[in-house]
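Notes to accompany the following structure.
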Amino acid sequence: MITNKRLAAALPLLALAASLTACGGTSGQTNADTGAAPSGSGAAPTSTGSAPMATGSAAEPVADTPFGMACSAVPASGEGSFTGMADDPVATAASNNPALSTLVAAVKKAGLVDTLNSADGVTVFAPTNDAFAKIDKKTLTKVLADKKTLTAILAYHVVPGRKTPTDLRHGSFTTLQGGKVTTTGSGRDYMVGDARVVCGNVPTRNATVYIVDTVLMPGK
């Protein structure tokens, strides 16, 4: 378990060590060699006006903007919009999203608002209100009242560096809590442990956010 003081000290150091990974797109189709005769035929090739398509499978496109079914609920304008969130540090940006109100309340209880807002380049896996609702009410109340446990759980949702969807394809990251979290997926469909990304690649001033449908638990 980590303390708020250790977490605050670790954030800028870990962020400095992280690098932002960018990935390019897929390559275009190649034209067939028109000088070669078709296999199994003695006839010379005829021009059809277009080159045949390559049969090799291209890499699946990677989303470079926010994606996911829950993104449709984000306002088109204002502080809670994608543009508005991009201007604010991560804890402030989350507070403008009604679907993250339980997470924001937990961050406040743990005293991590300033710590997260001052972090320089992190990725946050942010559970929705519905994700917290999956937890037994008695257990959730107990966790929210235990600052040490709550801090550790919240720190488990943060990893150093702004992770792109490409990074999440086959990812294994050390969280600020100290445990490992694994990610899998492609295109616009990603999992973080047992949690599904419902709105991903959301930029804030100092973090990239992936909103998930399940609370991540250290050691699970």
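Each chain in the structure tokens gets a letter, A, B, ..., in the order shown, and its residues are numbered from 1; ligands are numbered from 1 in order too.
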
* **Which of segment 115-152 of chain A DSSP labels strand (DSSP E or B), written as a VMD selection string** => chain A and resid 122 to 127

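Near Asn97 of chain A, within 7 Å and counting only C-alpha atoms, sit A:Gly80, A:Ala94, A:Leu100, not including residues fewer than 3 positions from it in the same chain.
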
Dump N, CA, C and O atoms for the selected residues as an mmCIF file, in the first residue's frame?
```cif
data_model
loop_
_atom_site.group_PDB
_atom_site.id
_atom_site.type_symbol
_atom_site.label_atom_id
_atom_site.label_comp_id
_atom_site.auth_asym_id
_atom_site.auth_seq_id
_atom_site.Cartn_x
_atom_site.Cartn_y
_atom_site.Cartn_z
ATOM 1 N N GLY A 80 -17.669 20.022 -19.942
ATOM 2 C CA GLY A 80 -17.749 18.572 -19.946
ATOM 3 C C GLY A 80 -17.543 17.941 -21.304
ATOM 4 O O GLY A 80 -17.538 16.710 -21.427
ATOM 5 N N ALA A 94 -12.527 15.234 -14.897
ATOM 6 C CA ALA A 94 -13.431 14.166 -14.467
ATOM 7 C C ALA A 94 -14.624 14.727 -13.703
ATOM 8 O O ALA A 94 -15.746 14.215 -13.806
ATOM 9 N N LEU A 100 -18.834 10.146 -13.864
ATOM 10 C CA LEU A 100 -17.660 9.848 -13.044
ATOM 11 C C LEU A 100 -17.769 10.464 -11.652
ATOM 12 O O LEU A 100 -16.766 10.597 -10.951
#
```

* To do: Could you please determine the separation between atom CA of Ala93 of chain A and atom CA of Ser81 of chain A in Å, to one decimal place?
  => 9.2 Å

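Relative to atom CA of Ala195 of chain A, atom CA of Ala73 of chain A is found at 19.2 Å.
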
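Atom CA of Ile135 of chain A sits 28.6 Å away from atom CA of Thr164 of chain A.
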
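Distance annotation: of A:Val198, A:Leu112, A:Leu140, A:Val159, the residue with the minimal separation from Thr182 of chain A is A:Val159; atom set is only C-alpha atoms.
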
* Asked: Which one of A:Asn96, A:Ser72, A:Ser77, A:Ser101 sits closest to Thr204 of chain A if you count only C-alpha atoms?
  -> A:Asn96

* Counting only C-alpha atoms, which of A:Ala155, A:Leu116, A:Val124, A:Cys199 gets nearest to Phe67 of chain A? ->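 Nearest to Phe67 of chain A: A:Cys199.
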
* Using only C-alpha atoms, which of A:Met191, A:Ala207, A:Ala70, A:Val197 sits nearest Gly121 of chain A? -> A:Ala207

* Could you write out, as an MDAnalysis selection string, all the residues of segment 57-169 of chain A that DSSP marks as helix (DSSP H, G or I)? -> chainID A and resid 69:73 82:87 90:95 98:110 113:117 129:133 137:145 147:155 165:168

* Among listed residues A:Pro218, A:Pro66, A:Pro75, A:Pro98, nearest Ala152 of chain A (using only C-alpha atoms) ->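 Ranked by minimum distance to Ala152 of chain A, first place goes to A:Pro218.
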